[in-house]
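input_18.cif, holding mmCIF, C-alpha atoms:
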data_start
#
loop_
_atom_site.label_atom_id
_atom_site.label_comp_id
_atom_site.auth_asym_id
_atom_site.auth_seq_id
_atom_site.Cartn_x
_atom_site.Cartn_y
_atom_site.Cartn_z
CA MET Q 22 58.34 31.30 47.48
CA LYS Q 23 60.16 28.98 45.09
CA PRO Q 24 58.54 28.39 41.76
CA SER Q 25 57.34 24.80 41.30
CA HIS Q 26 59.25 22.83 38.71
CA GLY Q 27 57.87 20.09 36.49
CA LYS Q 28 54.20 20.93 37.09
CA VAL Q 29 52.00 22.42 34.43
CA PRO Q 30 48.94 24.38 35.53
CA MET Q 31 45.76 22.36 35.08
CA SER Q 32 44.16 25.13 33.01
CA ILE Q 33 46.90 24.78 30.40
CA VAL Q 34 46.54 21.00 30.40
CA ALA Q 35 42.80 21.34 29.87
CA ILE Q 36 43.31 23.73 26.96
CA VAL Q 37 45.82 21.42 25.29
CA VAL Q 38 43.48 18.44 25.71
CA CYS Q 39 40.59 20.40 24.22
CA VAL Q 40 42.68 21.49 21.21
CA PHE Q 41 43.76 17.93 20.45
CA ALA Q 42 40.20 16.68 20.92
CA PHE Q 43 38.84 19.30 18.54
CA VAL Q 44 41.47 18.55 15.89
CA GLY Q 45 40.69 14.86 16.22
CA LEU Q 46 37.00 15.61 15.74
CA LEU Q 47 37.70 17.48 12.52
CA TYR Q 48 39.79 14.76 10.97
CA THR Q 49 38.24 11.56 12.23
CA LYS Q 50 36.54 9.26 9.76
CA ASP Q 51 34.83 7.23 12.42
CA ILE Q 52 31.10 7.82 12.08
CA GLY Q 53 30.07 5.26 14.64
CA TYR Q 54 29.22 8.22 16.83
CA ILE Q 55 26.62 10.78 15.93
CA SER Q 56 26.08 13.23 18.73
CA SER Q 57 22.88 12.30 20.47
CA ALA Q 58 22.36 15.96 21.17
CA THR Q 59 21.98 18.87 18.80
CA VAL Q 60 24.29 18.40 15.85
CA LEU Q 61 24.92 22.12 15.66
CA SER Q 62 26.75 22.20 18.97
CA ILE Q 63 29.80 20.47 20.41
CA SER Q 64 29.91 19.34 24.00
CA SER Q 65 32.09 21.33 26.33
CA CYS Q 66 35.51 19.82 26.89
CA LYS Q 67 35.74 18.17 30.28
CA PRO Q 68 38.91 18.42 32.34
CA GLU Q 69 39.08 14.64 32.82
CA LEU Q 70 39.95 12.26 30.00
CA ILE Q 71 37.47 9.51 29.19
CA ILE Q 72 39.44 6.39 28.24
CA ASP Q 73 37.45 3.70 26.47
CA HIS Q 74 37.81 0.27 28.01
CA PRO Q 75 39.69 -2.23 25.85
CA ASN Q 76 37.90 -5.30 24.52
CA LYS Q 77 37.57 -8.11 26.96
CA SER Q 78 39.54 -11.30 26.66
CA PRO Q 79 38.62 -13.42 23.60
CA SER Q 80 37.53 -16.10 26.03
CA VAL Q 81 34.51 -13.91 26.81
CA GLU Q 82 33.29 -14.50 23.28
CA LYS Q 83 34.21 -18.18 23.19
CA ASN Q 84 33.07 -19.36 26.56
CA VAL Q 85 29.48 -18.88 27.64
CA ASN Q 86 30.21 -19.09 31.35
CA SER Q 87 32.91 -16.42 31.14
CA ALA Q 88 30.55 -14.20 29.15
CA LEU Q 89 27.82 -14.57 31.73
CA GLU Q 90 30.24 -13.69 34.51
CA GLU Q 91 31.07 -10.52 32.60
CA VAL Q 92 27.51 -9.39 31.89
CA LEU Q 93 25.91 -10.62 35.08
CA GLY Q 94 28.49 -8.95 37.27
CA SER Q 95 27.57 -5.75 39.04
CA ASP Q 96 27.70 -2.63 36.94
CA ASP Q 97 29.52 -0.01 38.99
CA GLU Q 98 27.87 3.35 38.35
CA GLU Q 99 29.29 5.22 41.32
CA ASP Q 100 31.91 6.96 39.18
CA LYS Q 101 29.52 7.87 36.37
CA ASP Q 102 27.91 11.25 35.79
CA GLU Q 103 24.18 11.76 35.77
CA PHE Q 104 22.79 11.72 32.23
CA TYR Q 105 23.73 14.80 30.18
CA PRO Q 106 22.88 15.61 26.53
CA HIS Q 107 26.36 14.96 25.11
CA CYS Q 108 26.94 11.67 26.91
CA ARG Q 109 28.38 9.10 24.49
CA VAL Q 110 25.45 6.73 24.83
CA ASP Q 111 26.76 4.59 21.96
CA ARG Q 112 29.67 3.47 24.15
CA GLY Q 113 28.66 0.98 26.78
CA LYS Q 114 27.44 -2.55 27.30
CA TRP Q 115 24.31 -4.61 27.72
CA VAL Q 116 23.92 -5.95 31.25
CA PHE Q 117 21.60 -8.82 32.12
CA ASN Q 118 19.29 -8.09 35.04
CA SER Q 119 16.85 -10.86 35.91
CA SER Q 120 15.00 -8.51 38.28
CA PHE Q 121 14.40 -5.96 35.50
CA LYS Q 122 10.84 -6.26 34.22
CA PRO Q 123 9.39 -4.48 31.20
CA LEU Q 124 6.60 -2.02 31.92
CA TYR Q 125 4.19 -4.02 29.75
CA SER Q 126 3.80 -7.30 27.89
CA ASP Q 127 2.17 -8.21 24.61
CA ARG Q 128 -0.69 -9.56 26.69
CA THR Q 129 -1.22 -6.53 28.94
CA CYS Q 130 -0.93 -3.87 26.22
CA GLY Q 131 -3.65 -4.15 23.63
CA TYR Q 132 -2.08 -1.68 21.23
CA LEU Q 133 0.67 -3.93 19.82
CA GLU Q 134 0.36 -5.29 16.31
CA ARG Q 135 0.57 -9.06 16.02
CA GLN Q 136 3.74 -8.69 13.93
CA VAL Q 137 5.81 -7.75 16.99
CA ALA Q 138 3.96 -9.69 19.72
CA CYS Q 139 6.56 -12.44 19.94
CA VAL Q 140 5.32 -14.11 23.12
CA LYS Q 141 1.79 -14.36 21.76
CA ASN Q 142 3.30 -15.77 18.59
CA GLY Q 143 5.03 -18.58 20.47
CA ARG Q 144 8.52 -17.35 21.30
CA PRO Q 145 9.62 -19.67 24.16
CA ASP Q 146 12.61 -17.79 25.63
CA SER Q 147 12.37 -14.61 27.69
CA ASP Q 148 15.91 -13.48 28.53
CA TYR Q 149 15.87 -10.94 25.67
CA ARG Q 150 13.45 -8.85 27.77
CA HIS Q 151 15.85 -8.49 30.72
CA TRP Q 152 18.87 -6.69 29.28
CA GLU Q 153 19.67 -3.08 30.15
CA TRP Q 154 21.95 -0.74 28.24
CA LYS Q 155 24.62 0.86 30.45
CA PRO Q 156 26.60 3.73 28.87
CA ASP Q 157 30.23 4.05 29.98
CA GLU Q 158 30.13 7.77 30.72
CA CYS Q 159 26.77 8.42 32.35
CA ILE Q 160 23.80 6.86 34.06
CA LEU Q 161 20.86 6.34 31.71
CA PRO Q 162 17.72 6.89 33.80
CA ARG Q 163 14.99 4.29 33.75
CA PHE Q 164 11.89 5.15 31.75
CA ASP Q 165 9.45 6.91 34.07
CA PRO Q 166 5.92 6.72 32.58
CA LYS Q 167 4.52 9.37 34.90
CA LEU Q 168 7.32 11.77 33.96
CA ALA Q 169 6.77 10.99 30.27
CA LEU Q 170 3.09 11.88 30.51
CA GLU Q 171 3.87 15.09 32.36
CA LYS Q 172 6.37 16.03 29.64
CA LEU Q 173 3.60 15.53 27.09
CA ARG Q 174 0.88 17.40 28.97
CA GLY Q 175 -0.89 19.69 26.52
CA LYS Q 176 1.32 18.53 23.65
CA ARG Q 177 1.27 16.47 20.46
CA LEU Q 178 4.05 13.94 19.93
CA MET Q 179 4.37 12.38 16.49
CA PHE Q 180 6.63 9.58 15.24
CA VAL Q 181 7.15 9.72 11.48
CA GLY Q 182 8.63 6.97 9.33
CA ASP Q 183 8.33 3.30 8.45
CA SER Q 184 7.30 0.12 10.31
CA LEU Q 185 10.38 0.31 12.56
CA GLN Q 186 9.34 3.78 13.62
CA ARG Q 187 5.85 2.43 14.15
CA GLY Q 188 7.41 -0.10 16.52
CA GLN Q 189 9.00 2.71 18.51
CA TRP Q 190 5.63 4.46 18.63
CA GLU Q 191 3.82 1.33 19.84
CA SER Q 192 6.54 0.83 22.44
CA PHE Q 193 6.12 4.38 23.75
CA VAL Q 194 2.33 4.04 23.91
CA CYS Q 195 2.56 0.77 25.83
CA MET Q 196 5.12 2.22 28.25
CA VAL Q 197 2.67 4.91 29.39
CA GLU Q 198 -0.89 3.77 28.65
CA PHE Q 199 -1.28 1.59 31.77
CA MET Q 200 -0.98 4.74 33.89
CA ILE Q 201 -4.15 6.13 32.33
CA PRO Q 202 -7.68 5.04 33.32
CA THR Q 203 -9.53 3.24 30.53
CA GLU Q 204 -12.15 5.97 30.16
CA GLU Q 205 -9.44 8.62 29.72
CA LYS Q 206 -7.58 7.06 26.80
CA SER Q 207 -8.42 6.10 23.24
CA MET Q 208 -6.77 4.85 20.07
CA LYS Q 209 -7.72 5.65 16.50
CA ARG Q 210 -5.76 3.63 13.97
CA GLY Q 211 -5.44 4.46 10.30
CA HIS Q 212 -3.43 3.11 7.41
CA VAL Q 213 -1.35 6.30 7.36
CA HIS Q 214 -2.10 8.26 10.54
CA SER Q 215 -2.80 6.76 13.96
CA VAL Q 216 -3.51 8.68 17.17
CA PHE Q 217 -3.42 7.61 20.81
CA LYS Q 218 -5.10 10.16 23.11
CA ALA Q 219 -4.39 10.67 26.80
CA LYS Q 220 -7.43 12.80 27.52
CA GLY Q 221 -6.58 13.71 31.11
CA TYR Q 222 -3.24 15.09 29.94
CA ASN Q 223 -4.67 16.74 26.82
CA ALA Q 224 -1.90 14.92 24.94
CA THR Q 225 -1.60 12.75 21.87
CA ILE Q 226 1.03 10.19 20.85
CA GLU Q 227 0.77 9.82 17.09
CA PHE Q 228 2.29 7.85 14.23
CA TYR Q 229 2.44 8.98 10.62
CA TRP Q 230 3.40 6.53 7.89
CA ALA Q 231 6.02 8.01 5.51
CA PRO Q 232 8.66 5.32 4.87
CA TYR Q 233 10.81 7.58 2.69
CA LEU Q 234 9.75 10.87 4.36
CA VAL Q 235 9.47 12.26 0.83
CA GLU Q 236 6.59 11.27 -1.45
CA SER Q 237 6.49 8.06 -3.48
CA ASN Q 238 4.01 6.02 -5.48
CA SER Q 239 4.28 3.32 -2.80
CA ASP Q 240 3.39 5.28 0.32
CA PHE Q 241 -0.10 3.81 0.43
CA PRO Q 242 -1.13 1.44 -0.88
CA ILE Q 243 2.26 -0.26 -0.81
CA ILE Q 244 3.60 -1.58 -4.12
CA ASP Q 245 5.05 -5.00 -3.42
CA ASP Q 246 7.16 -5.05 -6.58
CA ILE Q 247 10.19 -3.01 -5.51
CA LYS Q 248 11.19 -2.35 -9.14
CA LYS Q 249 7.96 -0.41 -9.69
CA ARG Q 250 8.45 2.01 -6.80
CA ILE Q 251 9.25 5.59 -7.77
CA LEU Q 252 10.26 8.36 -5.37
CA ARG Q 253 9.54 12.06 -5.82
CA VAL Q 254 12.66 13.13 -4.01
CA ASP Q 255 11.87 16.85 -4.27
CA ARG Q 256 8.37 16.63 -2.78
CA VAL Q 257 7.29 16.29 0.82
CA ALA Q 258 4.19 18.49 1.07
CA LYS Q 259 1.65 15.64 0.91
CA HIS Q 260 3.11 14.23 4.11
CA ALA Q 261 4.39 17.40 5.73
CA LYS Q 262 0.98 19.04 5.97
CA HIS Q 263 0.29 16.53 8.75
CA TRP Q 264 3.47 17.50 10.63
CA VAL Q 265 2.48 21.14 11.15
CA ASP Q 266 1.53 22.24 14.68
CA ILE Q 267 3.19 19.19 16.26
CA ASP Q 268 5.12 19.96 19.45
CA ILE Q 269 7.57 17.04 19.26
CA LEU Q 270 8.51 15.35 15.97
CA VAL Q 271 10.53 12.12 15.81
CA PHE Q 272 11.65 11.21 12.27
CA ASN Q 273 13.26 8.12 10.83
CA THR Q 274 13.86 6.61 7.40
CA TYR Q 275 16.26 3.81 6.51
CA ILE Q 276 15.20 0.26 5.77
CA TRP Q 277 13.07 1.03 2.69
CA TRP Q 278 16.11 2.44 0.93
CA LEU Q 279 18.06 -0.81 1.18
CA ASN Q 280 16.30 -3.05 -1.30
CA GLY Q 281 19.30 -4.09 -3.37
CA TYR Q 282 18.20 -2.12 -6.42
CA LYS Q 283 18.86 1.37 -7.68
CA ILE Q 284 16.21 3.86 -6.62
CA LYS Q 285 13.93 5.26 -9.30
CA THR Q 286 13.79 8.97 -8.54
CA LEU Q 287 11.72 11.77 -10.01
CA TRP Q 288 11.94 15.52 -9.51
CA GLY Q 289 10.61 18.58 -11.26
CA SER Q 290 7.59 18.51 -13.54
CA PHE Q 291 7.32 15.86 -16.21
CA PRO Q 292 4.50 15.78 -18.78
CA ASN Q 293 4.39 11.99 -18.70
CA GLU Q 294 4.39 11.82 -14.92
CA GLU Q 295 6.38 8.73 -13.90
CA GLU Q 296 8.16 8.13 -17.20
CA GLY Q 297 10.91 10.67 -16.59
CA TYR Q 298 12.56 9.01 -13.62
CA GLU Q 299 16.31 8.60 -13.10
CA GLU Q 300 17.91 5.66 -11.31
CA LEU Q 301 20.28 6.54 -8.46
CA ASP Q 302 22.17 4.39 -5.98
CA ALA Q 303 20.52 4.34 -2.56
CA PRO Q 304 22.92 6.69 -0.70
CA SER Q 305 22.66 9.35 -3.45
CA ALA Q 306 18.87 9.17 -3.60
CA TYR Q 307 18.71 9.22 0.21
CA ARG Q 308 20.86 12.36 0.35
CA VAL Q 309 18.65 14.21 -2.16
CA ALA Q 310 15.48 13.20 -0.34
CA LEU Q 311 16.87 14.15 3.06
CA ARG Q 312 17.77 17.59 1.73
CA THR Q 313 14.14 18.03 0.71
CA TRP Q 314 13.03 17.05 4.21
CA ALA Q 315 15.67 19.32 5.80
CA ASN Q 316 14.57 22.28 3.67
CA TRP Q 317 10.98 21.78 4.83
CA VAL Q 318 12.08 21.65 8.47
CA ASP Q 319 14.23 24.78 8.16
CA THR Q 320 11.54 26.80 6.37
CA THR Q 321 8.54 25.61 8.38
CA ILE Q 322 9.51 24.62 11.92
CA ASP Q 323 9.80 27.19 14.69
CA PRO Q 324 12.38 25.69 17.08
CA ASN Q 325 10.90 27.75 19.91
CA LYS Q 326 7.66 25.81 19.55
CA THR Q 327 8.68 22.42 18.14
CA ARG Q 328 11.48 20.01 19.02
CA VAL Q 329 12.78 17.81 16.22
CA PHE Q 330 14.37 14.40 16.81
CA PHE Q 331 15.86 11.93 14.35
CA THR Q 332 16.15 8.24 15.19
CA THR Q 333 19.28 6.81 13.57
CA MET Q 334 19.16 3.63 11.50
CA SER Q 335 17.96 0.41 13.05
CA PRO Q 336 20.39 -2.39 12.12
CA THR Q 337 19.31 -5.63 10.51
CA HIS Q 338 20.86 -8.99 11.39
CA MET Q 339 20.52 -11.10 8.26
CA ARG Q 340 24.07 -12.46 8.14
CA SER Q 341 25.02 -14.61 11.15
CA ALA Q 342 28.68 -14.64 10.08
CA ASP Q 343 28.77 -11.00 11.25
CA TRP Q 344 28.76 -12.27 14.84
CA ASN Q 345 30.94 -15.31 14.16
CA ASN Q 346 28.08 -17.79 14.00
CA LYS Q 347 28.92 -19.25 10.62
CA LYS Q 348 26.45 -22.11 11.06
CA GLY Q 349 23.63 -19.78 12.05
CA ARG Q 350 20.53 -19.02 10.03
CA ARG Q 351 20.08 -15.28 10.12
CA CYS Q 352 19.03 -14.25 13.65
CA PHE Q 353 17.08 -17.46 14.23
CA ASN Q 354 17.56 -19.06 17.66
CA GLU Q 355 19.76 -16.23 18.94
CA THR Q 356 18.91 -15.83 22.62
CA ARG Q 357 21.50 -13.36 23.94
CA PRO Q 358 23.27 -10.24 22.63
CA TYR Q 359 26.60 -10.32 20.82
CA LEU Q 360 28.77 -8.66 23.45
CA LYS Q 361 31.85 -7.70 21.45
CA ARG Q 362 32.47 -4.04 22.09
CA GLY Q 363 32.01 -1.80 19.08
CA HIS Q 364 30.46 -4.55 16.94
CA TRP Q 365 29.25 -3.23 13.58
CA GLY Q 366 27.66 -5.64 11.14
CA THR Q 367 26.68 -5.51 7.49
CA GLY Q 368 23.12 -4.49 8.37
CA SER Q 369 24.07 -0.86 9.05
CA ASP Q 370 25.11 1.18 6.02
CA LYS Q 371 27.64 3.83 7.01
CA ARG Q 372 27.02 5.68 3.74
CA ILE Q 373 23.51 6.43 4.98
CA MET Q 374 24.94 7.65 8.29
CA GLU Q 375 27.30 9.93 6.38
CA ALA Q 376 24.40 11.35 4.40
CA VAL Q 377 22.48 12.09 7.60
CA VAL Q 378 25.47 13.87 9.11
CA SER Q 379 26.28 15.94 6.02
CA VAL Q 380 22.70 17.12 5.57
CA THR Q 381 21.74 17.82 9.19
CA GLU Q 382 24.94 19.66 10.09
CA ARG Q 383 23.92 22.38 7.62
CA MET Q 384 20.42 22.79 8.99
CA GLN Q 385 19.29 25.88 10.87
CA VAL Q 386 16.75 24.10 13.08
CA PRO Q 387 18.47 22.03 15.80
CA ILE Q 388 18.11 18.25 15.37
CA THR Q 389 18.51 15.94 18.36
CA PHE Q 390 19.64 12.42 17.46
CA ILE Q 391 18.33 9.34 19.22
CA ASN Q 392 21.43 7.32 18.51
CA ILE Q 393 20.18 3.74 18.52
CA THR Q 394 22.44 2.15 15.90
CA GLN Q 395 25.45 0.99 17.88
CA ILE Q 396 23.27 0.04 20.84
CA SER Q 397 21.03 -2.12 18.66
CA GLU Q 398 23.88 -3.69 16.69
CA HIS Q 399 24.54 -6.02 19.63
CA ARG Q 400 20.94 -7.21 19.89
CA ILE Q 401 20.94 -10.15 17.51
CA ASP Q 402 18.53 -11.77 19.98
CA GLY Q 403 15.84 -9.10 19.88
CA HIS Q 404 14.21 -9.62 16.47
CA THR Q 405 10.86 -11.20 15.79
CA SER Q 406 12.57 -13.97 13.80
CA VAL Q 407 9.99 -16.69 13.06
CA TYR Q 408 7.62 -15.51 15.80
CA THR Q 409 5.81 -13.08 13.57
CA GLU Q 410 3.38 -12.83 10.70
CA THR Q 411 3.62 -12.32 6.97
CA GLY Q 412 0.83 -11.13 4.74
CA GLY Q 413 -1.37 -10.74 7.80
CA LYS Q 414 -1.02 -14.39 8.81
CA LEU Q 415 1.20 -16.05 11.41
CA LEU Q 416 3.99 -18.17 10.00
CA THR Q 417 3.07 -21.79 9.49
CA ASP Q 418 5.11 -24.60 11.02
CA GLU Q 419 6.62 -25.22 7.59
CA GLN Q 420 7.67 -21.57 7.30
CA LYS Q 421 9.09 -21.54 10.81
CA ALA Q 422 11.23 -24.52 9.87
CA ASP Q 423 12.78 -22.46 7.06
CA PRO Q 424 14.33 -19.44 8.84
CA LEU Q 425 16.70 -18.68 5.96
CA HIS Q 426 13.68 -17.54 3.98
CA TYR Q 427 11.19 -16.53 6.65
CA ALA Q 428 13.01 -15.28 9.77
CA ASP Q 429 12.36 -11.54 10.19
CA CYS Q 430 15.65 -10.07 11.37
CA ILE Q 431 14.55 -6.49 10.71
CA HIS Q 432 11.67 -5.87 13.12
CA TRP Q 433 11.93 -6.14 16.90
CA CYS Q 434 9.91 -8.01 19.50
CA LEU Q 435 7.88 -5.87 21.89
CA PRO Q 436 8.55 -5.48 24.69
CA GLY Q 437 12.18 -5.36 23.69
CA VAL Q 438 14.91 -3.23 22.16
CA PRO Q 439 12.70 -0.27 21.08
CA ASP Q 440 11.88 0.26 24.76
CA THR Q 441 15.53 1.24 25.23
CA TRP Q 442 15.24 3.64 22.29
CA ASN Q 443 12.39 5.36 24.13
CA GLN Q 444 14.39 5.32 27.35
CA LEU Q 445 16.98 7.42 25.50
CA PHE Q 446 14.28 9.59 23.95
CA LEU Q 447 12.73 10.43 27.32
CA ALA Q 448 16.16 11.23 28.75
CA TYR Q 449 16.57 13.92 26.06
CA LEU Q 450 13.06 15.27 26.62
#
Take the structure I supplied and represent it as structure tokens, if you would.
Amino acid sequence: MKPSHGKVPMSIVAIVVCVFAFVGLLYTKDIGYISSATVLSISSCKPELIIDHPNKSPSVEKNVNSALEEVLGSDDEEDKDEFYPHCRVDRGKWVFNSSFKPLYSDRTCGYLERQVACVKNGRPDSDYRHWEWKPDECILPRFDPKLALEKLRGKRLMFVGDSLQRGQWESFVCMVEFMIPTEEKSMKRGHVHSVFKAKGYNATIEFYWAPYLVESNSDFPIIDDIKKRILRVDRVAKHAKHWVDIDILVFNTYIWWLNGYKIKTLWGSFPNEEEGYEELDAPSAYRVALRTWANWVDTTIDPNKTRVFFTTMSPTHMRSADWNNKKGRRCFNETRPYLKRGHWGTGSDKRIMEAVVSVTERMQVPITFINITQISEHRIDGHTSVYTETGGKLLTDEQKADPLHYADCIHWCLPGVPDTWNQLFLAYL
């Protein structure tokens, strides 16, 4: 038999591809991707190459009709894999689906806070509730409330963090509660700790308020004057005692660190209590605090009994020039996503992402990331904007007419974008 010329065995090709991919991983500075699976492992190299699609024609961004043709067109998923843990969920697109209906509304679910109940608060448009995220590499399964409840049977699930994490918790509760008879469910709300019980499943879905994860003098009650807030970056025990014996923990901390000021930090023992603080820039203080949290996780959590998740930072959309709307007023009156592939605005601080990566990659307990940042970057249309409340009161007509000062482009309408976060979360469960 004559030897074949010009053909290289596929096994050798696969090895070469894997080597180059691994070298690229070591040297890349692109942190847009944090593995949505355990950070301590690297996905197995596939024999096929995944080539990212190039950006669409600029006319897609300039012409509304062309854009609608792009997003309303059929999304071919025949060549995609079923969802797998290392799927690059951050790469994909939002697809409009008029037949897609949320599992709940702010009128059918009584567990939503008025702050995020945009329809109740007068938001007139509804398209923002009909977009689905479609990853390039895999098929993201729809949220199945019955499956979610079965996954939680006999377990405690706790979301830990700030008001954005509370939004994810409320979203999750509303996505499952309608499956449970009224007499078999209950909600106990607290300023710090809230618990939804699914009695028939012997399960709880809980939220614990810890905006910095570590302790501060502004945990509760909240100190409105940002300059007076002081963080004890080496202490977490006051909060962490509530995280023990939880089966599934979902952590997040981001927005409270970005206040425009240096962070007053305190560690060790000081005779004059809060007088011995040191001011650090936000990324440095965040890194120190996250190490304290990571040390608690590594020394306390048994990974055979508890799964630990970390929701990446939720982007803000305060600067309309980020999406080429120079005449815009924050996120006010935005009614559809910004579809430019790979869009990254000024509301996501990559220094914080770097801190998360550097700390978690050294941890012993596996951390699974719910990588929401790139997905949410596109959703300039999903915020509560002027359809919200401030100080416990709905915005007045005068305040609504002044979106530059009053539009909330941090929090998200529910139902809305956080439902997709929980769609990802359930896929990993």
Exercise for the section: May I have the residues within 10 Å of Ser239 in chain Q as a VMD selection string, using all atoms listed in the file and disregarding those fewer than 6 positions away in the same chain? Expected result: chain Q and resid 231 to 233 245 to 247 249 to 252
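Residue nearest Pro358 in chain Q, chosen from Q:His338, Q:Arg163, Q:His432, Q:Lys141 and counting all atoms listed in the file: Q:His338.
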For the contact check between range 409-445 of chain Q and range 108-114 of chain Q, emit one row per residue of range 409-445 of chain Q within 12 Å, containing the shortest atom pair and the distance in Å rounded to one decimal, counting all atoms listed in the file, chain then rising number order, as JSON lines.
{"residue": "Q:Thr441", "atom": "CA", "partner": "Q:Val110", "partner_atom": "CA", "distance": 11.3}
{"residue": "Q:Trp442", "atom": "CA", "partner": "Q:Val110", "partner_atom": "CA", "distance": 11.0}
{"residue": "Q:Gln444", "atom": "CA", "partner": "Q:Val110", "partner_atom": "CA", "distance": 11.4}
{"residue": "Q:Leu445", "atom": "CA", "partner": "Q:Val110", "partner_atom": "CA", "distance": 8.5}
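Among the candidates Q:Asn142, Q:Ser120, Q:Ser192, Q:Asn316, the one nearest to Asp440 in chain Q when counting all atoms listed in the file is Q:Ser192.
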Take every atom of range 319-335 of chain Q listed in the file, pad by 3 Å on each side, and give me the axis-aligned box centre and edge lengths in Å, one decimal, as AutoDock Vina command-line options.
--center_x 13.5 --center_y 14.1 --center_z 13.1 --size_x 17.6 --size_y 33.3 --size_z 19.5
Contacts between range 364-387 of chain Q and range 206-300 of chain Q, please, where a residue of range 206-300 of chain Q counts if it comes within 10 Å (with all atoms listed in the file); show its shortest atom pair and distance in Å to one decimal, rows by chain and ascending number, as CSV.
residue,atom,partner,partner_atom,distance
Q:Thr274,CA,Q:Ile373,CA,10.0
Q:Tyr275,CA,Q:Ile373,CA,7.9
Q:Ile276,CA,Q:Ser369,CA,9.5
Q:Trp278,CA,Q:Ile373,CA,9.3
Q:Leu279,CA,Q:Asp370,CA,8.8
Exercise for the section: Please evaluate the PyMOL selection byres ((chain Q and resi 253-260) around 10) against the displayed coordinates and give the resulting residues as a VMD selection string. Expected result: chain Q and resid 181 213 229 to 231 233 to 238 240 251 to 252 261 to 265 285 to 289 295 298 306 to 314 316 to 317
Please dump the current selection as a PDB file, in the coordinates of the input; keep C-alpha atoms.
ATOM      1  CA  VAL Q 181       7.150   9.720  11.480  1.00  0.00           C
ATOM      2  CA  VAL Q 213      -1.350   6.300   7.360  1.00  0.00           C
ATOM      3  CA  TYR Q 229       2.440   8.980  10.620  1.00  0.00           C
ATOM      4  CA  TRP Q 230       3.400   6.530   7.890  1.00  0.00           C
ATOM      5  CA  ALA Q 231       6.020   8.010   5.510  1.00  0.00           C
ATOM      6  CA  TYR Q 233      10.810   7.580   2.690  1.00  0.00           C
ATOM      7  CA  LEU Q 234       9.750  10.870   4.360  1.00  0.00           C
ATOM      8  CA  VAL Q 235       9.470  12.260   0.830  1.00  0.00           C
ATOM      9  CA  GLU Q 236       6.590  11.270  -1.450  1.00  0.00           C
ATOM     10  CA  SER Q 237       6.490   8.060  -3.480  1.00  0.00           C
ATOM     11  CA  ASN Q 238       4.010   6.020  -5.480  1.00  0.00           C
ATOM     12  CA  ASP Q 240       3.390   5.280   0.320  1.00  0.00           C
ATOM     13  CA  ILE Q 251       9.250   5.590  -7.770  1.00  0.00           C
ATOM     14  CA  LEU Q 252      10.260   8.360  -5.370  1.00  0.00           C
ATOM     15  CA  ALA Q 261       4.390  17.400   5.730  1.00  0.00           C
ATOM     16  CA  LYS Q 262       0.980  19.040   5.970  1.00  0.00           C
ATOM     17  CA  HIS Q 263       0.290  16.530   8.750  1.00  0.00           C
ATOM     18  CA  TRP Q 264       3.470  17.500  10.630  1.00  0.00           C
ATOM     19  CA  VAL Q 265       2.480  21.140  11.150  1.00  0.00           C
ATOM     20  CA  LYS Q 285      13.930   5.260  -9.300  1.00  0.00           C
ATOM     21  CA  THR Q 286      13.790   8.970  -8.540  1.00  0.00           C
ATOM     22  CA  LEU Q 287      11.720  11.770 -10.010  1.00  0.00           C
ATOM     23  CA  TRP Q 288      11.940  15.520  -9.510  1.00  0.00           C
ATOM     24  CA  GLY Q 289      10.610  18.580 -11.260  1.00  0.00           C
ATOM     25  CA  GLU Q 295       6.380   8.730 -13.900  1.00  0.00           C
ATOM     26  CA  TYR Q 298      12.560   9.010 -13.620  1.00  0.00           C
ATOM     27  CA  ALA Q 306      18.870   9.170  -3.600  1.00  0.00           C
ATOM     28  CA  TYR Q 307      18.710   9.220   0.210  1.00  0.00           C
ATOM     29  CA  ARG Q 308      20.860  12.360   0.350  1.00  0.00           C
ATOM     30  CA  VAL Q 309      18.650  14.210  -2.160  1.00  0.00           C
ATOM     31  CA  ALA Q 310      15.480  13.200  -0.340  1.00  0.00           C
ATOM     32  CA  LEU Q 311      16.870  14.150   3.060  1.00  0.00           C
ATOM     33  CA  ARG Q 312      17.770  17.590   1.730  1.00  0.00           C
ATOM     34  CA  THR Q 313      14.140  18.030   0.710  1.00  0.00           C
ATOM     35  CA  TRP Q 314      13.030  17.050   4.210  1.00  0.00           C
ATOM     36  CA  ASN Q 316      14.570  22.280   3.670  1.00  0.00           C
ATOM     37  CA  TRP Q 317      10.980  21.780   4.830  1.00  0.00           C
TER      38      TRP Q 317
END
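Residue nearest Lys206 in chain Q, chosen from Q:Phe228, Q:Tyr132, Q:Asp268, Q:Tyr408 and counting all atoms listed in the file: Q:Tyr132.
Among Q:Pro145, Q:Pro106, Q:Gly413, Q:Pro439, the residue with the shortest atom-to-atom distance to Glu158 in chain Q, counting all atoms listed in the file, is Q:Pro106.
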Exercise for the section: Carefully work through the PyMOL selection byres ((chain Q and resi 205) around 7) for this structure and note down the residues it includes, as number ranges by chain. Expected result: Q: 201-204, 206, 219-221
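Distance annotation: of Q:Tyr359, Q:Phe193, Q:Phe217, Q:Tyr449, the residue with the minimal separation from Arg400 in chain Q is Q:Tyr359; atom set is all atoms listed in the file.
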Problem - Residues matched by the PyMOL selection byres ((chain Q and resi 342-352) around 10) as a PyMOL selection string - result: chain Q and resi 82+337-341+353-356+358-361+364-368+399-407+423-431
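Atom pair CA of Thr389 in chain Q / CA of Pro436 in chain Q has a distance of 24.5 Å (rounded to one decimal).
Remark: for Glu398 in chain Q, the closest of the candidate residues Q:Leu173, Q:Val197, Q:Trp115, Q:Gly412 is Q:Trp115 (distances computed over all atoms listed in the file).
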